[in-house]
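**Q** Pasting a structure below so you can have a look.
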Amino acid sequence: MNTQQVETFLKLQPQLKSAYEEISLFSKKKPTDALNKFKLKFINSILARANEILGEKYEPFPGEFDIFNEDDMPNNGDVVFILSHYLTSLEKLRCDNIEKEKEYPSKWYWTINGKISKQETDSPTIK
Amino acid sequence: MIIRPRLNDYHNLPFTQEEVDFAIPFLDEDIPLYLDPFLLWKSPSQQDNSLHAIITNSFNYLGGLYLKDERKATEILKELSECDEVGLGNSKTKQGKKIGDKFANLILSTFKDILQIQKHGFTHFEVLQLLIEDFSKDRVSDISCNFIKSFLIDYTIQQSEKYNIPRESVEVQYFDTKNYKIISEKITLPINPITKVPILLTPRRWLRFVPWISFEDYFTNYISTSQRLLQGKSISRVEILEFNRKNYDQVQTYIKRKQLEQKDCKNDPLFTQIPILSSKRKKDTILKLPTGKTNNADKEYENNLCPLLASMFYPELDFAQPQSRTDSGVLIRDLIFYNNTSWPLLKEIFEKFNSRQLIFELKNVEALDTDHINQLNRYLSNEFGSFGVIFTRNQPPKNIFKNTIDLWSGQRKCILILDDTDLESMCQVYENKQRKPMDVINKKYREFIRDCPS
């Protein structure tokens with residue numbers, strides 16, 4: 001990943017997580033309620049950017065799903081399902097692009113253009 | 001032939017009732033609403049108030065004229081007693097009957113017989129409903145319309161220009177409120193293609209099913225406290241009218257009360273959606289119904305689904321009417337909607353399938369069979385084009401669904417089948433307002449098209 005991609009990732013992941021948490025709350029009460037067009041528009045925007053950064057290698061459902069079709073009237077449950085997979089895929093992408101420094105305190109940093117950078121990050125959650 | 005055609009359907013003008021300021025007139029029947037002058041009186045608009053003043057002053061002028069020249073006054077009143085151009089009322093033929101000499105005399109004699117009216121005239125001439133037998137809401141409406149016909153002509157021309165309603169040159173008679181006489185003028189107005197009568201549009205905000213001041217309201221809410229009624233004795237209508245003429249101060253007290261209560265006086269829309277609670281109850285009733293005809297389950301299904309669908313599709317689809325027809329001895333119940341192309345899907349249906357009206361067939365059956373599809377298929381023509389919807393209880397068997405795909409492949413006809421699950425989705429979105437029930441129809445249509453061979 002390059003600097004631009006890491007910056008995009010750092011903006012995208014919290015957005016996706018926030019959307020997941022919001023829709024999960026709706027889904028707990030009314031999983032089969034359809035999402036309104038306003039929310040769907042922004043979720044699709046997040047998913048489109050996620051697809052770009054994940055690429056075919058990391059997309060959760062390559063060739064089968066890229067964004068929601070408004071005409072299909074996706075419900076809260078559908079959206080939570082997809083967003084959770086995208087969160088996992090983004091985390092996998094992150095874990096594959098970070099490195100632990102050799103010296104103490106052995107923090108984790110993003111690898112940018114193949115080299116360990118100064119951008120600190122959390123330790124991996126997926127191997 | 002369009003069922004229950006309206007002016008905009010005839011001219012292919014894509015607007016819904018919700019979008020326009022006026023009540024869209026039917027071409028072969030009246031709109032079941034009446035102009036209530038009280039709505040002009042209580043309106044915050046000075047224009048409406050001055051129109052009310054025109055109505056009242058004009059009627060009082062006729063009363064004054066009656067005291068000098070009975071024949072002249074009654075001749076004018078007879079001419080003003082019917083207004084076919086506005087198309088309001090309960091007539092199924094759009095042609096009303098003017099009043100005769102005797103009735104015109106009876107109406108205007110109130111200026112002679114009742115001192116308060118002789119001295120001060122009427123403030124609300126619809127009070128005549130409380131004084132004269134057979135003077136009802138349709139006369140109130142028609143006479144009012146005739147007094148403000150000049151305004152209605154200007155209003156109609158303005159609205160026609162706004163919505164591109166075609167107009168033709170036609171001779172129209174109207175009451176000149178400056179010289180207090182009926183004059184004739186050549187004006188361009190929309191014309192009813194069936195009756196060839198010019199059409200006048202009326203603002204929706206002036207229309208009610210029953211006038212605010214009416215005999216029924218007077219009897220139910222005012223007289224009901226009379227000692228005789230409380231003692232269980234009955235009072236005839238004639239007695240009440242007679243009493244009112246002799247005790248006009250009672251009527252004036254009633255008018256004062258109605259004026260104080262004016263906040264509650266609202267116009268009646270042509271169509272009102274059922275409340276969400278009511279829609280939930282209807283949906284629950286439908287879902288619990290057995291399939292078939294046992295214990296009139298089919299009638300129950302139709303009677304509950306009709307208002308539910310009409311409400312859920314409003315305002316995207318204006319409801320025309322339910323209809324019953326027979327096909328090979330089988331009774332079929334349909335719901336007909338006007339296709340105003342107000343929704344992208346509806347525009348597509350209009351352009352692709354030539355559907356100027358949409359037909360929804362209701363089938364309370366366990367499983368659809370080929371006959372059901374063929375019944376609707378045979379009916380799809382003319383104004384319905386090649387698009388129809390069947391509402392039924394369960395998902396169709398695979399071979400029946402394939403039947404609909406084959407119909408599309410062979411004849412480019414689209415028959416969508418919706419079941420209880422789809423109805424639940426529609427009710428859900430109707431309740432939570434996140435999407436529209438029309439979106440469910442759109443979803444089924446897209447799924448159907450995806451399954452069709454390209």
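Chain lettering (A, B, ...) mirrors the order of the structure tokens, residue numbering begins at 1 for each chain separately, and ligand numbering begins at 1 in order of display.
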Please find the residues of chain B near chain A - the criterion being any atom within 9 Å, counting only C-alpha atoms - and write them as a list in words.

**A** Ser425, Gln428, Val429, Asn432, Lys433, Gln434, Arg435, Asp439, Val440, Asn442, Lys443, Lys444, Arg446 and Glu447 of chain B

**Q** May I have the selected residues written with C-alpha atoms, as a PDB file, in the first residue's frame?

**A**
```pdb
ATOM      1  CA  SER B 425     -43.301  -5.759   3.346  1.00  0.00           C
ATOM      2  CA  GLN B 428     -43.995  -2.495   7.035  1.00  0.00           C
ATOM      3  CA  VAL B 429     -42.705   0.345   4.860  1.00  0.00           C
ATOM      4  CA  ASN B 432     -42.070   2.983   9.163  1.00  0.00           C
ATOM      5  CA  LYS B 433     -41.958   5.394   6.198  1.00  0.00           C
ATOM      6  CA  GLN B 434     -38.376   4.396   5.315  1.00  0.00           C
ATOM      7  CA  ARG B 435     -39.425   3.428   1.785  1.00  0.00           C
ATOM      8  CA  ASP B 439     -40.881   0.321  -3.990  1.00  0.00           C
ATOM      9  CA  VAL B 440     -42.073  -3.221  -3.269  1.00  0.00           C
ATOM     10  CA  ASN B 442     -40.693  -1.922  -8.203  1.00  0.00           C
ATOM     11  CA  LYS B 443     -38.614  -4.638  -6.524  1.00  0.00           C
ATOM     12  CA  LYS B 444     -40.905  -7.410  -7.784  1.00  0.00           C
ATOM     13  CA  ARG B 446     -37.028  -5.759 -11.340  1.00  0.00           C
ATOM     14  CA  GLU B 447     -36.778  -9.338 -10.080  1.00  0.00           C
TER      15      GLU B 447
END
```

**Q** Counting only C-alpha atoms, what is within 10 Å of range 381-388 of chain B, bar same-chain residues fewer than 3 positions away, as a PyMOL selection string?

**A** chain B and resi 1-3+336-339+349-361+373+376-378+408+411-417

**Q** Store the residues picked out above in a file with C-alpha atoms, as a compact mmCIF listing (two decimals), in the first residue's frame.

**A**
```
# COMPACT_ATOMS: atom_id res chain seq x y z
CA MET B 1 -61.81 3.03 -22.68
CA ILE B 2 -60.41 4.43 -19.45
CA ILE B 3 -62.42 3.41 -16.39
CA ILE B 336 -58.13 -0.05 -10.96
CA PHE B 337 -55.62 2.75 -10.48
CA TYR B 338 -54.81 5.71 -12.70
CA ASN B 339 -51.26 5.66 -14.04
CA ILE B 349 -44.87 0.86 -17.28
CA PHE B 350 -46.65 3.55 -19.29
CA GLU B 351 -43.95 3.72 -21.95
CA LYS B 352 -43.15 0.00 -22.19
CA PHE B 353 -46.56 -1.53 -21.66
CA ASN B 354 -48.94 1.30 -22.68
CA SER B 355 -50.74 1.06 -19.36
CA ARG B 356 -52.80 4.19 -18.75
CA GLN B 357 -54.50 2.42 -15.89
CA LEU B 358 -53.13 -0.32 -13.67
CA ILE B 359 -55.14 -3.37 -12.81
CA PHE B 360 -54.65 -5.33 -9.62
CA GLU B 361 -56.51 -8.61 -9.49
CA ILE B 373 -53.11 -16.09 -15.28
CA LEU B 376 -55.92 -11.53 -16.34
CA ASN B 377 -54.05 -12.00 -19.60
CA ARG B 378 -57.29 -11.91 -21.61
CA TRP B 408 -43.45 -11.91 -21.45
CA GLN B 411 -46.37 -11.39 -25.97
CA ARG B 412 -44.30 -8.90 -23.99
CA LYS B 413 -46.98 -8.93 -21.27
CA CYS B 414 -45.91 -8.47 -17.68
CA ILE B 415 -47.99 -10.08 -14.93
CA LEU B 416 -46.48 -9.67 -11.49
CA ILE B 417 -47.57 -11.94 -8.68
```

**Q** From the set A:Leu16, A:Cys95, A:Leu10, A:Ile23, which residue has the shortest atom-to-atom contact distance to Pro74 in chain A, counting only C-alpha atoms?

**A**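 Checking each candidate against Pro74 in chain A, we get A:Ile23 as the closest.
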
**Q** Give me the residues within 10 Å of range 79-81 of chain B as number ranges by chain, counting only C-alpha atoms and dropping any in the same chain fewer than 6 places off.

**A** B: 96-100, 104, 138-147, 173-175, 182

**Q** Name all residues at most 10 Å from Thr125 in chain A (count only C-alpha atoms; drop same-chain ones fewer than 5 positions away) and give them as a VMD selection string.

**A** chain A and resid 88 91 to 92 94 to 95

**Q** Of the candidates A:Ile126, A:Val79, A:Leu87, A:Ile43, which shows the shortest atom-to-atom distance to Glu59 in chain A, using only C-alpha atoms?

**A**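 Checking each candidate against Glu59 in chain A, we get A:Leu87 as the closest.
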
**Q** Just the residues within 9 Å of Ser45 in chain A, please, counting only C-alpha atoms, with nothing from its chain fewer than 5 positions along; format it as an mmCIF file with C-alpha atoms, in the first residue's frame.

**A**
```cif
data_model
loop_
_atom_site.group_PDB
_atom_site.id
_atom_site.type_symbol
_atom_site.label_atom_id
_atom_site.label_comp_id
_atom_site.auth_asym_id
_atom_site.auth_seq_id
_atom_site.Cartn_x
_atom_site.Cartn_y
_atom_site.Cartn_z
ATOM 1 C CA LEU A 40 -28.412 3.492 1.464
ATOM 2 C CA ALA A 50 -13.885 0.027 0.265
ATOM 3 C CA ILE A 67 -22.794 -2.261 -3.725
#
```

**Q** Neighbours of range 59-70 of chain B within 9 Å (only C-alpha atoms; same-chain residues fewer than 2 positions away dropped), as a PDB file with N, CA and C atoms, in the first residue's frame?

**A**
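Okay, result_8.pdb is ready:
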```
ATOM      1  N   ILE B  54     -68.902  38.381  -2.282  1.00  0.00           N
ATOM      2  CA  ILE B  54     -69.587  38.444  -3.585  1.00  0.00           C
ATOM      3  C   ILE B  54     -70.802  37.515  -3.571  1.00  0.00           C
ATOM      4  N   ILE B  55     -70.606  36.303  -3.049  1.00  0.00           N
ATOM      5  CA  ILE B  55     -71.705  35.319  -3.009  1.00  0.00           C
ATOM      6  C   ILE B  55     -72.844  35.868  -2.156  1.00  0.00           C
ATOM      7  N   THR B  56     -72.498  36.329  -0.966  1.00  0.00           N
ATOM      8  CA  THR B  56     -73.528  36.795  -0.034  1.00  0.00           C
ATOM      9  C   THR B  56     -74.224  38.044  -0.576  1.00  0.00           C
ATOM     10  N   ASN B  57     -73.440  39.007  -1.044  1.00  0.00           N
ATOM     11  CA  ASN B  57     -74.028  40.254  -1.545  1.00  0.00           C
ATOM     12  C   ASN B  57     -74.918  40.003  -2.756  1.00  0.00           C
ATOM     13  N   LYS B  72     -88.525  38.815 -12.057  1.00  0.00           N
ATOM     14  CA  LYS B  72     -87.148  39.022 -12.527  1.00  0.00           C
ATOM     15  C   LYS B  72     -86.173  38.280 -11.613  1.00  0.00           C
ATOM     16  N   ALA B  73     -86.398  38.405 -10.295  1.00  0.00           N
ATOM     17  CA  ALA B  73     -85.493  37.782  -9.323  1.00  0.00           C
ATOM     18  C   ALA B  73     -85.514  36.262  -9.461  1.00  0.00           C
ATOM     19  N   THR B  74     -86.722  35.697  -9.593  1.00  0.00           N
ATOM     20  CA  THR B  74     -86.817  34.230  -9.671  1.00  0.00           C
ATOM     21  C   THR B  74     -86.222  33.721 -10.976  1.00  0.00           C
ATOM     22  N   GLU B  75     -86.358  34.496 -12.050  1.00  0.00           N
ATOM     23  CA  GLU B  75     -85.765  34.077 -13.337  1.00  0.00           C
ATOM     24  C   GLU B  75     -84.248  33.949 -13.212  1.00  0.00           C
ATOM     25  N   ILE B  76     -83.647  34.954 -12.541  1.00  0.00           N
ATOM     26  CA  ILE B  76     -82.186  34.919 -12.369  1.00  0.00           C
ATOM     27  C   ILE B  76     -81.808  33.738 -11.481  1.00  0.00           C
ATOM     28  N   LEU B  77     -82.523  33.568 -10.379  1.00  0.00           N
ATOM     29  CA  LEU B  77     -82.182  32.485  -9.444  1.00  0.00           C
ATOM     30  C   LEU B  77     -82.293  31.125 -10.117  1.00  0.00           C
ATOM     31  N   ASN B 105     -89.419  30.835  -5.964  1.00  0.00           N
ATOM     32  CA  ASN B 105     -90.241  31.739  -5.157  1.00  0.00           C
ATOM     33  C   ASN B 105     -90.137  31.404  -3.671  1.00  0.00           C
ATOM     34  N   LEU B 108     -86.751  32.688  -2.314  1.00  0.00           N
ATOM     35  CA  LEU B 108     -86.631  34.148  -2.183  1.00  0.00           C
ATOM     36  C   LEU B 108     -87.705  34.743  -1.280  1.00  0.00           C
ATOM     37  N   SER B 109     -88.752  33.975  -1.022  1.00  0.00           N
ATOM     38  CA  SER B 109     -89.806  34.473  -0.125  1.00  0.00           C
ATOM     39  C   SER B 109     -89.294  34.629   1.301  1.00  0.00           C
ATOM     40  N   THR B 110     -88.168  34.024   1.599  1.00  0.00           N
ATOM     41  CA  THR B 110     -87.579  34.200   2.935  1.00  0.00           C
ATOM     42  C   THR B 110     -87.237  35.669   3.171  1.00  0.00           C
ATOM     43  N   PHE B 111     -86.982  36.407   2.086  1.00  0.00           N
ATOM     44  CA  PHE B 111     -86.708  37.840   2.225  1.00  0.00           C
ATOM     45  C   PHE B 111     -87.985  38.614   2.588  1.00  0.00           C
ATOM     46  N   LYS B 112     -89.125  38.020   2.255  1.00  0.00           N
ATOM     47  CA  LYS B 112     -90.403  38.676   2.571  1.00  0.00           C
ATOM     48  C   LYS B 112     -90.878  38.267   3.952  1.00  0.00           C
ATOM     49  N   ILE B 117     -84.114  38.745   7.869  1.00  0.00           N
ATOM     50  CA  ILE B 117     -83.508  38.600   6.538  1.00  0.00           C
ATOM     51  C   ILE B 117     -83.919  39.771   5.656  1.00  0.00           C
ATOM     52  N   GLN B 118     -85.140  40.220   5.813  1.00  0.00           N
ATOM     53  CA  GLN B 118     -85.612  41.377   5.041  1.00  0.00           C
ATOM     54  C   GLN B 118     -84.772  42.620   5.356  1.00  0.00           C
ATOM     55  N   HIS B 120     -81.653  42.706   7.082  1.00  0.00           N
ATOM     56  CA  HIS B 120     -80.198  42.604   7.050  1.00  0.00           C
ATOM     57  C   HIS B 120     -79.639  41.625   6.026  1.00  0.00           C
ATOM     58  N   GLY B 121     -80.496  40.852   5.413  1.00  0.00           N
ATOM     59  CA  GLY B 121     -80.012  39.860   4.448  1.00  0.00           C
ATOM     60  C   GLY B 121     -79.340  38.689   5.152  1.00  0.00           C
ATOM     61  N   PHE B 122     -78.744  37.807   4.368  1.00  0.00           N
ATOM     62  CA  PHE B 122     -78.023  36.653   4.907  1.00  0.00           C
ATOM     63  C   PHE B 122     -76.551  36.994   5.102  1.00  0.00           C
ATOM     64  N   THR B 123     -75.924  36.399   6.102  1.00  0.00           N
ATOM     65  CA  THR B 123     -74.455  36.433   6.186  1.00  0.00           C
ATOM     66  C   THR B 123     -73.905  35.109   5.654  1.00  0.00           C
ATOM     67  N   PHE B 125     -75.690  32.338   3.265  1.00  0.00           N
ATOM     68  CA  PHE B 125     -76.961  32.006   2.605  1.00  0.00           C
ATOM     69  C   PHE B 125     -77.272  30.514   2.661  1.00  0.00           C
ATOM     70  N   ILE B 143     -75.170  27.340  -6.631  1.00  0.00           N
ATOM     71  CA  ILE B 143     -75.469  28.782  -6.621  1.00  0.00           C
ATOM     72  C   ILE B 143     -74.193  29.565  -6.307  1.00  0.00           C
ATOM     73  N   PHE B 147     -72.245  32.365  -8.704  1.00  0.00           N
ATOM     74  CA  PHE B 147     -71.970  33.751  -8.310  1.00  0.00           C
ATOM     75  C   PHE B 147     -70.497  34.100  -8.509  1.00  0.00           C
ATOM     76  N   TYR B 180     -75.187  42.888 -11.917  1.00  0.00           N
ATOM     77  CA  TYR B 180     -76.172  41.925 -11.395  1.00  0.00           C
ATOM     78  C   TYR B 180     -77.064  41.352 -12.488  1.00  0.00           C
TER      79      TYR B 180
END
```

**Q** Looking at only C-alpha atoms, which of B:Pro37, B:Pro32, B:Pro290, B:Pro344 is the one that sits closest to Ile213 in chain B?

**A**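 Once distances to Ile213 in chain B are computed over only C-alpha atoms, the minimum belongs to B:Pro37.
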
**Q** From a backbone DSSP assignment, name each residue in chain A labelled helix (DSSP H, G or I), as a tab-separated table (two decimals) with N, CA and C atoms, in the first residue's frame.

**A**
```tsv
chain	number	residue	atom	x	y	z
A	3	THR	N	1.14	5.69	0.52
A	3	THR	CA	0.70	6.65	1.55
A	3	THR	C	-0.77	7.02	1.38
A	4	GLN	N	-1.14	7.29	0.11
A	4	GLN	CA	-2.52	7.69	-0.21
A	4	GLN	C	-3.51	6.62	0.24
A	5	GLN	N	-3.14	5.37	-0.06
A	5	GLN	CA	-4.05	4.26	0.27
A	5	GLN	C	-4.20	4.11	1.79
A	6	VAL	N	-3.09	4.27	2.50
A	6	VAL	CA	-3.16	4.17	3.97
A	6	VAL	C	-4.04	5.28	4.52
A	7	GLU	N	-3.88	6.49	3.97
A	7	GLU	CA	-4.72	7.62	4.43
A	7	GLU	C	-6.19	7.34	4.16
A	8	THR	N	-6.47	6.83	2.99
A	8	THR	CA	-7.87	6.48	2.64
A	8	THR	C	-8.39	5.44	3.60
A	9	PHE	N	-7.56	4.44	3.88
A	9	PHE	CA	-7.95	3.36	4.80
A	9	PHE	C	-8.28	3.93	6.18
A	10	LEU	N	-7.42	4.83	6.65
A	10	LEU	CA	-7.60	5.36	8.01
A	10	LEU	C	-8.88	6.18	8.13
A	11	LYS	N	-9.33	6.73	7.00
A	11	LYS	CA	-10.60	7.48	7.00
A	11	LYS	C	-11.79	6.51	6.84
A	12	LEU	N	-11.58	5.51	6.02
A	12	LEU	CA	-12.68	4.63	5.63
A	12	LEU	C	-13.10	3.67	6.74
A	13	GLN	N	-12.11	3.08	7.41
A	13	GLN	CA	-12.44	2.03	8.37
A	13	GLN	C	-13.32	2.53	9.52
A	14	PRO	N	-13.02	3.69	10.13
A	14	PRO	CA	-13.93	4.17	11.18
A	14	PRO	C	-15.33	4.47	10.65
A	15	GLN	N	-15.41	4.97	9.40
A	15	GLN	CA	-16.73	5.25	8.81
A	15	GLN	C	-17.53	3.97	8.67
A	16	LEU	N	-16.86	2.95	8.17
A	16	LEU	CA	-17.54	1.68	7.95
A	16	LEU	C	-17.96	1.08	9.29
A	17	LYS	N	-17.08	1.20	10.28
A	17	LYS	CA	-17.38	0.66	11.62
A	17	LYS	C	-18.58	1.39	12.22
A	18	SER	N	-18.59	2.69	12.05
A	18	SER	CA	-19.70	3.50	12.59
A	18	SER	C	-21.01	3.12	11.91
A	19	ALA	N	-20.96	2.94	10.60
A	19	ALA	CA	-22.17	2.56	9.86
A	19	ALA	C	-22.65	1.19	10.34
A	20	TYR	N	-21.71	0.27	10.54
A	20	TYR	CA	-22.04	-1.08	11.00
A	20	TYR	C	-22.74	-1.01	12.37
A	21	GLU	N	-22.18	-0.19	13.25
A	21	GLU	CA	-22.74	-0.11	14.62
A	21	GLU	C	-24.14	0.51	14.58
A	22	GLU	N	-24.30	1.55	13.77
A	22	GLU	CA	-25.63	2.22	13.65
A	22	GLU	C	-26.68	1.25	13.15
A	23	ILE	N	-26.34	0.60	12.03
A	23	ILE	CA	-27.34	-0.29	11.41
A	23	ILE	C	-27.59	-1.51	12.28
A	24	SER	N	-26.56	-1.94	13.02
A	24	SER	CA	-26.74	-3.09	13.94
A	24	SER	C	-27.80	-2.77	14.98
A	25	LEU	N	-27.78	-1.54	15.45
A	25	LEU	CA	-28.78	-1.13	16.45
A	25	LEU	C	-30.18	-1.25	15.87
A	26	PHE	N	-30.36	-0.76	14.63
A	26	PHE	CA	-31.66	-0.86	13.97
A	26	PHE	C	-32.02	-2.32	13.76
A	27	SER	N	-30.98	-3.09	13.37
A	27	SER	CA	-31.21	-4.49	13.01
A	27	SER	C	-31.63	-5.32	14.21
A	28	LYS	N	-31.13	-4.94	15.39
A	28	LYS	CA	-31.50	-5.71	16.61
A	28	LYS	C	-33.00	-5.58	16.85
A	29	LYS	N	-33.54	-4.39	16.62
A	29	LYS	CA	-34.99	-4.20	16.86
A	29	LYS	C	-35.80	-4.66	15.66
A	37	LYS	N	-33.59	5.44	1.41
A	37	LYS	CA	-32.68	5.72	0.29
A	37	LYS	C	-31.51	6.60	0.73
A	38	PHE	N	-31.78	7.46	1.68
A	38	PHE	CA	-30.74	8.38	2.15
A	38	PHE	C	-29.57	7.60	2.76
A	39	LYS	N	-29.89	6.70	3.69
A	39	LYS	CA	-28.82	5.92	4.35
A	39	LYS	C	-28.14	5.01	3.32
A	40	LEU	N	-28.94	4.43	2.45
A	40	LEU	CA	-28.41	3.49	1.46
A	40	LEU	C	-27.38	4.18	0.56
A	41	LYS	N	-27.66	5.41	0.24
A	41	LYS	CA	-26.76	6.16	-0.64
A	41	LYS	C	-25.38	6.28	0.00
A	42	PHE	N	-25.33	6.59	1.27
A	42	PHE	CA	-24.04	6.78	1.95
A	42	PHE	C	-23.35	5.46	2.23
A	43	ILE	N	-24.12	4.43	2.52
A	43	ILE	CA	-23.52	3.11	2.72
A	43	ILE	C	-22.89	2.63	1.42
A	44	ASN	N	-23.57	2.86	0.31
A	44	ASN	CA	-23.02	2.47	-0.99
A	44	ASN	C	-21.75	3.26	-1.30
A	45	SER	N	-21.71	4.51	-0.88
A	45	SER	CA	-20.52	5.33	-1.11
A	45	SER	C	-19.34	4.73	-0.34
A	46	ILE	N	-19.59	4.33	0.91
A	46	ILE	CA	-18.54	3.72	1.73
A	46	ILE	C	-18.09	2.39	1.10
A	47	LEU	N	-19.05	1.59	0.64
A	47	LEU	CA	-18.72	0.29	0.04
A	47	LEU	C	-17.93	0.47	-1.25
A	48	ALA	N	-18.27	1.47	-2.03
A	48	ALA	CA	-17.56	1.71	-3.30
A	48	ALA	C	-16.10	2.04	-3.02
A	49	ARG	N	-15.89	2.88	-2.02
A	49	ARG	CA	-14.50	3.24	-1.67
A	49	ARG	C	-13.77	2.04	-1.08
A	50	ALA	N	-14.49	1.23	-0.32
A	50	ALA	CA	-13.88	0.03	0.26
A	50	ALA	C	-13.48	-0.95	-0.84
A	51	ASN	N	-14.35	-1.11	-1.85
A	51	ASN	CA	-14.03	-2.02	-2.97
A	51	ASN	C	-12.76	-1.58	-3.68
A	52	GLU	N	-12.61	-0.27	-3.81
A	52	GLU	CA	-11.45	0.27	-4.53
A	52	GLU	C	-10.18	-0.06	-3.79
A	53	ILE	N	-10.21	0.11	-2.49
A	53	ILE	CA	-8.99	-0.09	-1.71
A	53	ILE	C	-8.71	-1.57	-1.47
A	54	LEU	N	-9.76	-2.39	-1.40
A	54	LEU	CA	-9.57	-3.81	-1.14
A	54	LEU	C	-9.08	-4.54	-2.40
A	55	GLY	N	-9.62	-4.13	-3.54
A	55	GLY	CA	-9.25	-4.83	-4.78
A	55	GLY	C	-9.81	-6.23	-4.76
A	56	GLU	N	-9.65	-6.93	-5.88
A	56	GLU	CA	-10.23	-8.26	-6.00
A	56	GLU	C	-9.68	-9.24	-4.97
A	57	LYS	N	-8.42	-9.01	-4.54
A	57	LYS	CA	-7.78	-9.95	-3.62
A	57	LYS	C	-8.47	-9.95	-2.25
A	58	TYR	N	-8.90	-8.79	-1.82
A	58	TYR	CA	-9.44	-8.70	-0.45
A	58	TYR	C	-10.95	-8.50	-0.37
A	70	GLU	N	-30.53	-0.31	-4.98
A	70	GLU	CA	-31.66	0.38	-4.33
A	70	GLU	C	-33.00	-0.33	-4.60
A	71	ASP	N	-33.13	-0.85	-5.82
A	71	ASP	CA	-34.40	-1.50	-6.21
A	71	ASP	C	-34.65	-2.77	-5.41
A	72	ASP	N	-33.60	-3.38	-4.89
A	72	ASP	CA	-33.76	-4.63	-4.15
A	72	ASP	C	-34.23	-4.40	-2.72
A	76	ASN	N	-32.22	-4.02	7.12
A	76	ASN	CA	-31.16	-3.79	8.11
A	76	ASN	C	-30.26	-5.02	8.26
A	77	GLY	N	-30.90	-6.18	8.30
A	77	GLY	CA	-30.14	-7.43	8.44
A	77	GLY	C	-29.19	-7.66	7.29
A	78	ASP	N	-29.66	-7.39	6.08
A	78	ASP	CA	-28.81	-7.56	4.88
A	78	ASP	C	-27.58	-6.67	4.99
A	79	VAL	N	-27.81	-5.43	5.37
A	79	VAL	CA	-26.71	-4.44	5.40
A	79	VAL	C	-25.71	-4.79	6.50
A	80	VAL	N	-26.21	-5.21	7.65
A	80	VAL	CA	-25.31	-5.60	8.76
A	80	VAL	C	-24.43	-6.76	8.32
A	81	PHE	N	-25.04	-7.72	7.64
A	81	PHE	CA	-24.30	-8.90	7.17
A	81	PHE	C	-23.14	-8.48	6.26
A	82	ILE	N	-23.45	-7.65	5.29
A	82	ILE	CA	-22.42	-7.23	4.33
A	82	ILE	C	-21.35	-6.37	5.00
A	83	LEU	N	-21.77	-5.42	5.81
A	83	LEU	CA	-20.81	-4.51	6.45
A	83	LEU	C	-19.85	-5.30	7.36
A	84	SER	N	-20.36	-6.32	8.05
A	84	SER	CA	-19.49	-7.08	8.95
A	84	SER	C	-18.40	-7.79	8.14
A	85	HIS	N	-18.76	-8.30	6.96
A	85	HIS	CA	-17.76	-8.95	6.10
A	85	HIS	C	-16.74	-7.94	5.58
A	86	TYR	N	-17.21	-6.76	5.25
A	86	TYR	CA	-16.28	-5.74	4.77
A	86	TYR	C	-15.33	-5.29	5.87
A	87	LEU	N	-15.84	-5.23	7.11
A	87	LEU	CA	-14.97	-4.86	8.24
A	87	LEU	C	-13.85	-5.89	8.40
A	88	THR	N	-14.23	-7.16	8.29
A	88	THR	CA	-13.25	-8.24	8.41
A	88	THR	C	-12.22	-8.15	7.28
A	89	SER	N	-12.70	-7.89	6.07
A	89	SER	CA	-11.80	-7.80	4.91
A	89	SER	C	-10.83	-6.63	5.06
A	90	LEU	N	-11.33	-5.51	5.56
A	90	LEU	CA	-10.44	-4.36	5.76
A	90	LEU	C	-9.39	-4.67	6.81
A	91	GLU	N	-9.82	-5.37	7.84
A	91	GLU	CA	-8.86	-5.74	8.90
A	91	GLU	C	-7.78	-6.68	8.35
A	92	LYS	N	-8.20	-7.61	7.49
A	92	LYS	CA	-7.23	-8.54	6.85
A	92	LYS	C	-6.23	-7.75	6.02
A	93	LEU	N	-6.74	-6.77	5.28
A	93	LEU	CA	-5.86	-5.91	4.47
A	93	LEU	C	-4.86	-5.18	5.35
A	94	ARG	N	-5.36	-4.68	6.46
A	94	ARG	CA	-4.48	-3.95	7.39
A	94	ARG	C	-3.43	-4.89	7.95
A	95	CYS	N	-3.87	-6.06	8.41
A	95	CYS	CA	-2.93	-7.00	9.03
A	95	CYS	C	-1.83	-7.43	8.06
```

**Q** Which of these, B:Ser234, B:Ser136, B:Gln129, B:Thr370, has the shortest distance to Lys402 in chain B once you count only C-alpha atoms?

**A**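 Smallest separation from Lys402 in chain B among the options: B:Thr370.
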
**Q** Find the residues near Gln158 in chain B: any atom within 12 Å, counting only C-alpha atoms, skip ones fewer than 5 places away on the same chain, and give them as a PyMOL selection string.

**A** chain B and resi 21-22+151-153+163-167+188-190+200-203

**Q** Hey, what does DSSP flag as strand (DSSP E or B) within range 224-332 of chain B? Can you give it to me as a list in words?

**A**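 Matching residues for strand (DSSP E or B) in range 224-332 of chain B are Asp318, Phe319, Ala320, Gln321, Pro322, Gln323, Ser324, Arg325, Thr326, Asp327, Val330, Leu331 and Ile332 of chain B.
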
**Q** In Å, rounded to a single decimal, give me how far CA of Asn364 in chain B is from CA of Asp298 in chain B.

**A**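 Value for the CA of Asp298 in chain B-CA of Asn364 in chain B distance: 5.4 Å.
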
**Q** Using only C-alpha atoms, can you tell me which of B:Thr272, B:Thr326, B:Thr285, B:Thr195 comes closest to Gln375 in chain B?

**A**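 Checking each candidate against Gln375 in chain B, we get B:Thr326 as the closest.
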
**Q** Have a look at CA of Gly232 in chain B and CA of Leu260 in chain B and let me know their distance in Å, one decimal.

**A**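 Distance between the two atoms: 29.6 Å.
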